[in-house]
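Chemist: The structure file data_3.cif (mmCIF, C-alpha atoms) is provided below.
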```
data_coords
loop_
_atom_site.label_atom_id
_atom_site.label_comp_id
_atom_site.auth_asym_id
_atom_site.auth_seq_id
_atom_site.Cartn_x
_atom_site.Cartn_y
_atom_site.Cartn_z
CA ILE Z 1 91.86 94.48 117.42
CA SER Z 2 94.06 91.57 118.48
CA LEU Z 3 96.11 89.04 116.58
CA GLY Z 4 94.00 85.95 115.88
CA GLN Z 5 90.71 87.84 116.33
CA GLU Z 6 87.75 86.92 114.12
CA VAL Z 7 86.61 89.96 112.10
CA ALA Z 8 84.49 90.85 109.07
CA TRP Z 9 85.52 92.85 106.00
CA ASN Z 10 82.84 93.77 103.44
CA ALA Z 11 80.66 91.03 105.00
CA LYS Z 12 83.46 88.50 104.48
CA GLN Z 13 84.69 86.60 107.56
CA GLY Z 14 88.37 86.36 108.39
CA THR Z 15 91.09 86.16 111.03
CA VAL Z 16 93.63 88.86 111.92
CA ARG Z 17 97.13 87.64 110.98
CA TYR Z 18 99.18 90.85 111.04
CA ILE Z 19 99.08 94.22 112.82
CA GLY Z 20 101.70 96.90 112.18
CA GLU Z 21 103.38 99.16 109.67
CA VAL Z 22 103.67 98.40 105.96
CA LYS Z 23 105.99 99.41 103.13
CA PHE Z 24 103.31 100.62 100.71
CA SER Z 25 101.70 103.29 102.92
CA LYS Z 26 101.86 105.14 106.23
CA GLY Z 27 100.08 104.28 109.48
CA GLU Z 28 99.04 101.04 111.13
CA TRP Z 29 97.55 98.35 108.91
CA ILE Z 30 95.90 95.01 109.61
CA GLY Z 31 96.45 91.83 107.61
CA VAL Z 32 93.44 89.50 107.47
CA GLU Z 33 93.14 85.95 106.18
CA LEU Z 34 89.63 85.54 104.74
CA THR Z 35 87.72 82.26 104.90
CA GLU Z 36 86.98 82.45 101.16
CA ALA Z 37 88.91 83.49 98.04
CA ALA Z 38 87.58 87.06 98.06
CA GLY Z 39 90.86 88.80 98.88
CA MET Z 40 93.70 90.32 96.89
CA HIS Z 41 96.88 88.38 97.69
CA ASP Z 42 98.52 85.58 99.71
CA GLY Z 43 99.78 87.76 102.54
CA SER Z 44 102.50 89.40 100.43
CA VAL Z 45 102.10 92.92 99.00
CA LEU Z 46 104.54 94.29 96.40
CA GLY Z 47 107.07 91.59 97.24
CA VAL Z 48 106.93 92.07 101.04
CA SER Z 49 105.50 89.19 103.09
CA TYR Z 50 103.37 90.26 106.07
CA PHE Z 51 101.72 86.88 106.74
CA GLU Z 52 100.96 83.64 104.87
CA CYS Z 53 97.67 82.39 103.50
CA ALA Z 54 96.18 80.82 100.37
CA PRO Z 55 96.16 82.95 97.18
CA LYS Z 56 93.30 85.49 97.03
CA HIS Z 57 92.56 84.96 100.75
CA GLY Z 58 94.64 87.87 102.08
CA ILE Z 59 93.86 91.58 102.50
CA CYS Z 60 95.58 94.53 104.20
CA VAL Z 61 93.21 97.17 105.53
CA GLN Z 62 92.92 99.81 108.24
CA GLN Z 63 90.86 99.47 111.42
CA GLY Z 64 87.88 101.44 110.19
CA GLN Z 65 87.26 98.93 107.43
CA LEU Z 66 86.79 95.98 109.78
CA GLN Z 67 83.83 94.88 111.88
CA SER Z 68 83.57 92.63 114.91
CA GLY Z 69 80.22 91.40 116.18
CA GLY Z 70 78.41 93.62 113.70
CA HIS Z 71 80.05 96.82 114.91
CA VAL Z 72 82.86 98.90 113.41
CA VAL Z 73 85.95 98.17 115.48
CA THR Z 74 87.13 101.77 115.77
CA THR Z 75 85.55 105.18 115.59
CA ALA Z 76 88.68 106.81 114.19
CA PRO Z 77 88.48 107.77 110.49
CA ALA Z 78 90.39 105.43 108.23
CA MET Z 79 91.93 105.85 104.80
CA SER Z 80 89.88 103.71 102.47
CA ILE Z 81 91.36 101.55 99.75
CA PRO Z 82 89.24 101.88 96.61
CA LEU Z 83 88.20 98.52 95.21
CA ALA Z 84 87.60 97.57 91.60
CA VAL Z 85 84.19 98.78 90.46
CA PRO Z 86 81.93 95.81 89.57
CA ALA Z 87 81.42 95.62 85.84
CA ALA Z 88 79.06 93.80 83.54
CA GLU Z 89 79.95 90.20 82.69
CA ASP Z 90 81.15 91.16 79.24
CA GLU Z 91 83.24 94.06 80.48
CA GLY Z 92 86.54 94.23 82.33
CA PRO Z 93 87.11 96.42 85.40
CA THR Z 94 87.23 100.16 84.80
CA THR Z 95 90.88 101.24 84.95
CA LEU Z 96 92.18 104.60 86.08
CA PRO Z 97 92.98 107.18 83.36
CA SER Z 98 96.62 107.26 82.33
CA LYS Z 99 98.95 110.03 81.21
CA THR Z 100 100.48 109.75 77.74
CA THR Z 101 104.07 110.42 78.90
CA THR Z 102 106.04 110.67 82.12
CA ALA Z 103 106.78 114.11 83.58
CA ASP Z 104 110.29 114.13 82.08
CA GLY Z 105 109.05 112.81 78.71
CA SER Z 106 111.37 109.78 78.81
CA ILE Z 107 108.63 107.14 78.78
CA SER Z 108 105.42 107.02 76.73
CA LEU Z 109 102.24 104.96 76.89
CA GLY Z 110 102.61 101.86 74.70
CA GLN Z 111 106.40 102.11 74.65
CA GLU Z 112 108.49 98.92 74.72
CA VAL Z 113 110.69 98.91 77.84
CA ALA Z 114 112.87 96.62 79.94
CA TRP Z 115 112.38 96.05 83.69
CA HIS Z 116 115.13 94.07 85.45
CA GLY Z 117 116.02 92.47 82.12
CA LYS Z 118 112.41 91.54 81.34
CA GLN Z 119 110.72 92.97 78.24
CA GLY Z 120 107.34 94.67 78.48
CA THR Z 121 104.97 97.38 77.28
CA VAL Z 122 103.95 100.51 79.18
CA ARG Z 123 100.23 100.37 80.01
CA TYR Z 124 99.85 103.06 82.68
CA ILE Z 125 101.56 106.31 83.71
CA GLY Z 126 100.41 108.38 86.66
CA GLU Z 127 99.77 108.50 90.39
CA VAL Z 128 98.92 105.44 92.48
CA LYS Z 129 97.04 104.80 95.72
CA PHE Z 130 99.80 102.82 97.46
CA SER Z 131 102.61 105.40 97.32
CA LYS Z 132 103.57 108.94 96.34
CA GLY Z 133 105.04 110.14 93.05
CA GLU Z 134 104.67 109.11 89.43
CA TRP Z 135 104.61 105.38 88.67
CA VAL Z 136 104.61 103.36 85.46
CA GLY Z 137 102.54 100.22 84.93
CA VAL Z 138 104.15 97.65 82.65
CA GLU Z 139 102.74 94.50 81.06
CA LEU Z 140 105.62 92.01 80.83
CA SER Z 141 105.94 89.56 77.95
CA GLU Z 142 106.41 86.68 80.42
CA ALA Z 143 104.91 85.68 83.77
CA ALA Z 144 107.63 87.36 85.83
CA GLY Z 145 105.50 90.11 87.34
CA MET Z 146 103.45 90.56 90.51
CA HIS Z 147 99.83 91.13 89.50
CA ASP Z 148 97.30 91.51 86.67
CA GLY Z 149 97.38 95.31 86.51
CA SER Z 150 95.49 95.78 89.79
CA VAL Z 151 97.29 96.65 93.04
CA LEU Z 152 95.46 96.47 96.38
CA GLY Z 153 92.18 96.23 94.53
CA VAL Z 154 92.75 99.29 92.34
CA PRO Z 155 92.84 98.53 88.56
CA TYR Z 156 95.46 100.63 86.77
CA PHE Z 157 95.55 98.51 83.58
CA GLN Z 158 94.64 94.98 82.50
CA CYS Z 159 96.95 92.05 81.71
CA ALA Z 160 97.33 88.34 82.41
CA PRO Z 161 98.06 87.29 86.03
CA LYS Z 162 101.74 87.66 87.06
CA HIS Z 163 102.44 89.77 83.96
CA GLY Z 164 102.00 93.20 85.56
CA VAL Z 165 104.47 95.36 87.51
CA MET Z 166 104.44 98.92 88.84
CA ALA Z 167 107.80 100.67 88.67
CA LEU Z 168 109.34 104.09 89.02
CA PRO Z 169 110.48 105.66 85.73
CA VAL Z 170 114.15 105.33 86.76
CA GLN Z 171 113.71 101.55 87.04
CA LEU Z 172 112.85 101.23 83.36
CA ARG Z 173 114.94 101.40 80.20
CA PRO Z 174 113.79 101.71 76.58
CA ALA Z 175 113.86 98.26 74.97
CA SER Z 176 116.32 99.48 72.32
CA GLU Z 177 118.82 100.62 74.96
CA ALA Z 178 118.45 97.37 76.89
CA ALA Z 179 119.11 95.37 73.71
CA VAL Z 180 122.27 97.39 72.99
CA ALA Z 181 123.48 96.92 76.57
CA ALA Z 182 122.86 93.17 76.40
CA SER Z 183 124.71 92.95 73.10
CA ALA Z 184 127.64 94.91 74.50
CA ALA Z 185 127.77 92.66 77.55
CA ALA Z 186 127.82 89.58 75.32
CA VAL Z 187 130.68 91.01 73.28
CA ALA Z 188 132.62 91.96 76.40
CA SER Z 189 132.29 88.46 77.85
CA ALA Z 190 133.32 86.71 74.62
CA PRO Z 191 136.82 85.12 74.53
CA VAL Z 192 139.50 87.40 73.07
CA PRO Z 193 141.73 85.94 70.32
CA SER Z 194 145.31 85.36 71.50
CA ALA Z 195 146.74 87.82 68.97
CA VAL Z 196 144.46 90.59 70.24
CA ALA Z 197 145.22 89.66 73.84
CA ALA Z 198 148.94 89.96 73.14
CA LEU Z 199 148.43 93.35 71.53
CA LEU Z 200 146.44 94.55 74.54
CA ALA Z 201 149.18 93.31 76.84
CA ASP Z 202 151.77 95.35 74.91
CA VAL Z 203 149.77 98.61 75.05
CA LYS Z 204 148.44 98.06 78.58
CA GLY Z 205 148.69 101.29 80.50
CA SER Z 206 150.24 103.19 77.59
CA VAL Z 207 147.04 104.53 76.04
CA PRO Z 208 145.72 107.73 77.67
CA GLY Z 209 142.27 107.26 79.17
CA VAL Z 210 142.45 103.46 79.14
CA PRO Z 211 143.05 102.16 82.68
CA THR Z 212 145.35 99.22 83.12
CA ARG Z 213 142.57 97.17 84.71
CA VAL Z 214 140.41 97.51 81.57
CA ALA Z 215 143.09 96.27 79.21
CA ALA Z 216 144.08 93.47 81.54
CA SER Z 217 140.49 92.32 82.02
CA THR Z 218 140.01 91.75 78.28
CA SER Z 219 142.86 89.29 78.09
CA SER Z 220 141.91 85.65 78.53
CA ALA Z 221 145.59 84.64 78.53
CA ALA Z 222 146.34 85.98 82.01
CA PRO Z 223 143.68 84.93 84.55
CA THR Z 224 144.08 85.93 88.18
CA THR Z 225 145.66 83.42 90.53
CA GLU Z 226 143.45 81.31 92.76
CA ASP Z 227 144.20 83.38 95.86
CA GLU Z 228 143.42 86.72 94.17
CA GLU Z 229 140.06 88.41 93.64
CA PRO Z 230 139.18 90.96 90.94
CA THR Z 231 139.64 94.55 92.05
CA THR Z 232 136.24 96.21 92.50
CA LEU Z 233 135.48 99.91 92.08
CA PRO Z 234 135.31 101.99 95.27
CA SER Z 235 131.76 102.46 96.57
CA LYS Z 236 130.04 105.35 98.32
CA ASP Z 237 128.70 104.81 101.84
CA LYS Z 238 125.25 106.19 101.00
CA THR Z 239 123.14 107.31 98.04
CA ALA Z 240 122.96 111.02 97.28
CA ASP Z 241 119.62 111.38 99.09
CA GLY Z 242 120.81 109.28 102.03
CA SER Z 243 117.97 106.76 101.70
CA ILE Z 244 120.16 103.69 101.02
CA SER Z 245 123.39 102.69 102.76
CA LEU Z 246 126.13 100.18 101.96
CA GLY Z 247 125.32 96.84 103.59
CA GLN Z 248 121.63 97.69 103.98
CA GLU Z 249 119.05 94.96 103.41
CA VAL Z 250 116.65 95.88 100.60
CA VAL Z 251 113.99 94.41 98.32
CA CYS Z 252 114.55 94.51 94.54
CA GLY Z 253 111.82 93.24 92.24
CA GLY Z 254 110.25 91.32 95.11
CA THR Z 255 113.54 89.62 96.05
CA ARG Z 256 115.55 90.40 99.17
CA GLY Z 257 119.22 91.33 99.00
CA ILE Z 258 122.07 93.36 100.48
CA VAL Z 259 123.51 96.58 99.03
CA ARG Z 260 127.13 95.97 97.92
CA TYR Z 261 127.85 99.01 95.71
CA ILE Z 262 126.68 102.63 95.42
CA GLY Z 263 128.04 104.95 92.75
CA GLU Z 264 128.49 105.61 89.05
CA VAL Z 265 128.68 102.88 86.41
CA LYS Z 266 130.13 102.55 82.94
CA PHE Z 267 126.96 101.34 81.22
CA ALA Z 268 124.62 104.25 82.05
CA MET Z 269 124.41 107.72 83.56
CA GLY Z 270 123.49 108.58 87.14
CA GLU Z 271 123.90 106.88 90.48
CA TRP Z 272 123.35 103.13 90.64
CA VAL Z 273 123.08 100.59 93.45
CA GLY Z 274 124.56 97.09 93.29
CA VAL Z 275 122.63 94.44 95.22
CA GLU Z 276 123.63 90.90 96.14
#
```
I need this file expressed as structure tokens, please.
Modeler:
Amino acid sequence: ISLGQEVAWNAKQGTVRYIGEVKFSKGEWIGVELTEAAGMHDGSVLGVSYFECAPKHGICVQQGQLQSGGHVVTTAPAMSIPLAVPAAEDEGPTTLPSKTTTADGSISLGQEVAWHGKQGTVRYIGEVKFSKGEWVGVELSEAAGMHDGSVLGVPYFQCAPKHGVMALPVQLRPASEAAVAASAAAVASAPVPSAVAALLADVKGSVPGVPTRVAASTSSAAPTTEDEEPTTLPSKDKTADGSISLGQEVVCGGTRGIVRYIGEVKFAMGEWVGVE
């Protein structure tokens, strides 16, 4: 198969636009732009852009799923991507069965959660076809997602377009915890009365367990000078498993960024990564 070659997929005609590795699975994959809206995406899969085409005109498949001139392009066995099973007109696609809770019991089906600050409801818990491990499908309350509950043609749950996301359990927080964190952040950013600021200035550094930088940061009466920057916490060079490094380019929620911090935080337990 060559770039720009005319091929057929499930009797649909298209043109090869991408050949190479992908983020959602192993092996070599082929991106095809179909001539009709019978595909799954616009060339982007899970926030990663492999090529560009009109919505619903793009697919990513392996060689064994394509034909050229009426013949299968390769004789090598290929990993198939299950497609949504056709259903009756009055029925939606048959979704995969879901677990009731995650393996650690922290997230349950139907639970209200927060994903990157967006509120949603858990609609699926279990394994997926595009990656390893346990994933959680969430229906967001606003159109800030990536799909309608189906990923690469596999229906895990049903929701409105752009309202669905698939996330790892560690990427989600119970809605109640997220609300408390947001409230605490609002309180922390609120102006401090001058009398309280003066009191903090007097006790700054004298209270065991309260770092000077914390007391100083709450005072609105003493801003840093123009040529000074706030002192940031020291960062690790890599995550504990070595998969992410400081300065590495990453994708977070479908948006590209650069890792600026790795380490512990004050607002939650565990190791966190700060991304610009």
Chemist: For the file shown, report as a list of chain:residue names the outcome of the PyMOL selection byres ((chain Z and resi 113) around 7) at residue level.
Modeler: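 Output of the PyMOL selection byres ((chain Z and resi 113) around 7): Z:Gln111, Z:Glu112, Z:Ala114, Z:Trp115, Z:Gln119, Z:Gly120, Z:Thr121, Z:Leu172, Z:Arg173, Z:Pro174, Z:Ala175.
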Chemist: What separation in Å, quoted to one decimal, exists between atom CA of Z:Ala38 and atom CA of Z:Glu127?
Modeler: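 If I compute the distance from atom CA of Z:Ala38 to atom CA of Z:Glu127, I get 25.8 Å.
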Chemist: How would you write, as an MDAnalysis selection string, the residues chosen by the PyMOL selection byres ((chain Z and resi 132) around 12) on this structure?
Modeler: chainID Z and resid 23:26 126:131 133:135 168
Chemist: Export, as a PDB file, keeping the file's coordinate frame, the selected residues with C-alpha atoms.
Modeler:
```
ATOM      1  CA  LYS Z  23     105.990  99.410 103.130  1.00  0.00           C
ATOM      2  CA  PHE Z  24     103.310 100.620 100.710  1.00  0.00           C
ATOM      3  CA  SER Z  25     101.700 103.290 102.920  1.00  0.00           C
ATOM      4  CA  LYS Z  26     101.860 105.140 106.230  1.00  0.00           C
ATOM      5  CA  GLY Z 126     100.410 108.380  86.660  1.00  0.00           C
ATOM      6  CA  GLU Z 127      99.770 108.500  90.390  1.00  0.00           C
ATOM      7  CA  VAL Z 128      98.920 105.440  92.480  1.00  0.00           C
ATOM      8  CA  LYS Z 129      97.040 104.800  95.720  1.00  0.00           C
ATOM      9  CA  PHE Z 130      99.800 102.820  97.460  1.00  0.00           C
ATOM     10  CA  SER Z 131     102.610 105.400  97.320  1.00  0.00           C
ATOM     11  CA  GLY Z 133     105.040 110.140  93.050  1.00  0.00           C
ATOM     12  CA  GLU Z 134     104.670 109.110  89.430  1.00  0.00           C
ATOM     13  CA  TRP Z 135     104.610 105.380  88.670  1.00  0.00           C
ATOM     14  CA  LEU Z 168     109.340 104.090  89.020  1.00  0.00           C
TER      15      LEU Z 168
END
```
Chemist: Identify which of the residues Z:Pro169, Z:Gly105, Z:Gly31, Z:Gly263 lies closest to Z:Ser2, counting only C-alpha atoms when measuring atom-to-atom distances.
Modeler: Z:Gly31
Chemist: Can you tell me, as an MDAnalysis selection string, what residues are no more than 8 Å from Z:Ala144 when counting all atoms listed in the file, ignoring any on the same chain fewer than 3 positions away?
Modeler: chainID Z and resid 118 140 162:163
Chemist: Print the selection's residues with C-alpha atoms to a file, as a PDB file, in the coordinates of the input.
Modeler:
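What ended up in selection_6.pdb:
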```pdb
ATOM      1  CA  LYS Z 118     112.410  91.540  81.340  1.00  0.00           C
ATOM      2  CA  LEU Z 140     105.620  92.010  80.830  1.00  0.00           C
ATOM      3  CA  LYS Z 162     101.740  87.660  87.060  1.00  0.00           C
ATOM      4  CA  HIS Z 163     102.440  89.770  83.960  1.00  0.00           C
TER       5      HIS Z 163
END
```
Chemist: Show which residues sit within 12 Å of Z:Ile262, as a ChimeraX atom specification. Count only C-alpha atoms, and ignore same-chain residues fewer than 2 positions away.
Modeler: /Z:232-248,258-260,264-265,270-275
Chemist: Which distance in Å separates atom CA of Z:Met146 and atom CA of Z:Gly117, to one decimal?
Modeler: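 Pair atom CA of Z:Met146 / atom CA of Z:Gly117 returns 15.2 Å.
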Chemist: Give the answer as one residue: which of Z:Gly149, Z:Trp9, Z:Gly4, Z:Val32 has the shortest atom-to-atom distance to Z:Thr94, using all atoms listed in the file?
Modeler: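 Distance minimum relative to Z:Thr94 lands on Z:Gly149.
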